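Notes to accompany the following structure.
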Amino acid sequence: MGEVNNLSAAEAVAMIRKISDEIGTYMFCTRSANGKLYSRSMSALKVDDQGRVWFLSDKNSDKNKALGQDATVNLFYGKGKDNYISVFGKSTISFDRQLIKDL
């Protein structure tokens, strides 16, 4: 089994940026109101200095409905059995038109 690294904040941001720059696609996992987990691939558009990963989605998507019930998400990216990243966090949904245009 490969080495597991729990990264510091700065290391984690650097790794998330590297994956986003090289690959750009994560599995984005949410929990629905009925408790089931759902994952879908999503393209990362930006990683900011705090390590927040920015995505765009339809405001009426099932994903956004699930996030309205439970904002906890898990982002996964894997390349082979020993090279992967898993990021847990809380999501927010923004309808800021300027931000959407910038992304």
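Residues are named by chain letter and number: chains run A, B, ... in the order of the structure tokens, numbers start at 1 in each chain, and ligands are numbered from 1 in the order shown.
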
Once DSSP has gone over the backbone, tell me which residues of stretch 25-65 of chain A are in helix (DSSP H, G or I), as a compact mmCIF listing (two decimals) with N, CA and C atoms, in the first residue's frame.
# COMPACT_ATOMS: atom_id res chain seq x y z
N ASP A 62 -29.55 18.88 -9.22
CA ASP A 62 -29.75 18.02 -8.05
C ASP A 62 -28.63 18.20 -7.04
N LYS A 63 -27.43 18.45 -7.54
CA LYS A 63 -26.27 18.67 -6.67
C LYS A 63 -26.53 19.87 -5.76
N ASN A 64 -27.00 20.97 -6.32
CA ASN A 64 -27.26 22.15 -5.51
C ASN A 64 -28.40 21.91 -4.52
N LYS A 65 -29.39 21.13 -4.92
CA LYS A 65 -30.47 20.78 -3.98
C LYS A 65 -29.91 19.98 -2.81

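Proximity to A:Ser32 at 8 Å, evaluated using only C-alpha atoms and with sequence-adjacent residues fewer than 5 positions away removed, yields A:Leu37, A:Tyr38, A:Ala66, A:Leu67, A:Gln69, A:Asp70.
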
With distances taken over only C-alpha atoms, which of A:Lys90, A:Arg52, A:Lys46, A:Lys101 is nearest to A:Gly68? A:Lys90

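Atom pair atom CA of A:Cys29 / atom CA of A:Ala10 has a distance of 23.5 Å (rounded to one decimal).
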
Env of A:Ile100: 12 Å cut, atoms = only C-alpha atoms, seq-sep filter 6 positions within chain, self excluded. Answer as number ranges by chain. A: 45-46, 54-59, 93-94

Would you write out those residues with C-alpha atoms, as a PDB file, in the first residue's frame?
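As a result, result_14.pdb now contains:
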ATOM      1  CA  LEU A  45     -12.196  26.319 -12.493  1.00  0.00           C
ATOM      2  CA  LYS A  46     -10.114  27.942  -9.780  1.00  0.00           C
ATOM      3  CA  TRP A  54     -14.463  26.682  -7.439  1.00  0.00           C
ATOM      4  CA  PHE A  55     -16.906  24.934  -9.790  1.00  0.00           C
ATOM      5  CA  LEU A  56     -19.847  26.079 -11.896  1.00  0.00           C
ATOM      6  CA  SER A  57     -23.145  24.220 -12.011  1.00  0.00           C
ATOM      7  CA  ASP A  58     -26.744  24.816 -12.963  1.00  0.00           C
ATOM      8  CA  LYS A  59     -28.506  26.585 -10.099  1.00  0.00           C
ATOM      9  CA  ILE A  93     -23.380  28.201  -3.339  1.00  0.00           C
ATOM     10  CA  SER A  94     -22.946  31.681  -4.756  1.00  0.00           C
TER      11      SER A  94
END

Extract the full set of strand (DSSP E) residues from stretch 6-99 of chain A according to DSSP on the backbone, and format it as a ChimeraX atom specification. /A:25-31,37-43,46-47,53-54,72-78,84-90

Mind dumping the selected residues with C-alpha atoms as a compact mmCIF listing (two decimals), in the first residue's frame?
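Below is the file that was written, out_32.txt:
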# COMPACT_ATOMS: atom_id res chain seq x y z
CA THR A 25 -11.54 17.04 -12.85
CA TYR A 26 -12.61 15.75 -9.46
CA MET A 27 -15.29 13.38 -8.31
CA PHE A 28 -17.58 15.67 -6.33
CA CYS A 29 -19.50 13.72 -3.68
CA THR A 30 -22.60 14.98 -1.85
CA ARG A 31 -25.19 13.42 0.45
CA LEU A 37 -24.09 9.50 -1.39
CA TYR A 38 -23.85 10.75 -4.97
CA SER A 39 -20.69 11.47 -6.92
CA ARG A 40 -20.24 13.18 -10.23
CA SER A 41 -17.23 14.45 -12.12
CA MET A 42 -16.76 18.19 -12.08
CA SER A 43 -14.14 20.46 -13.58
CA LYS A 46 -10.11 27.94 -9.78
CA VAL A 47 -8.28 27.15 -6.56
CA VAL A 53 -11.99 24.85 -5.21
CA TRP A 54 -14.46 26.68 -7.44
CA THR A 72 -20.60 18.59 3.42
CA VAL A 73 -18.69 17.47 0.33
CA ASN A 74 -15.81 15.20 -0.51
CA LEU A 75 -13.63 15.76 -3.56
CA PHE A 76 -11.69 12.78 -4.93
CA TYR A 77 -9.10 12.39 -7.58
CA GLY A 78 -7.22 9.16 -8.17
CA TYR A 84 -4.94 9.92 -4.96
CA ILE A 85 -6.27 12.86 -3.00
CA SER A 86 -9.42 13.07 -0.93
CA VAL A 87 -10.55 16.48 0.36
CA PHE A 88 -13.41 16.94 2.85
CA GLY A 89 -15.07 20.27 3.39
CA LYS A 90 -18.18 22.42 3.45

Considering only C-alpha atoms, can you say which of A:Thr92, A:Asp49, A:Arg97, A:Asn60 comes closest to A:Ala12? A:Asp49

Please, what distance in Å, to one decimal, runs between atom CA of A:Glu22 and atom CA of A:Asp82? 17.5 Å
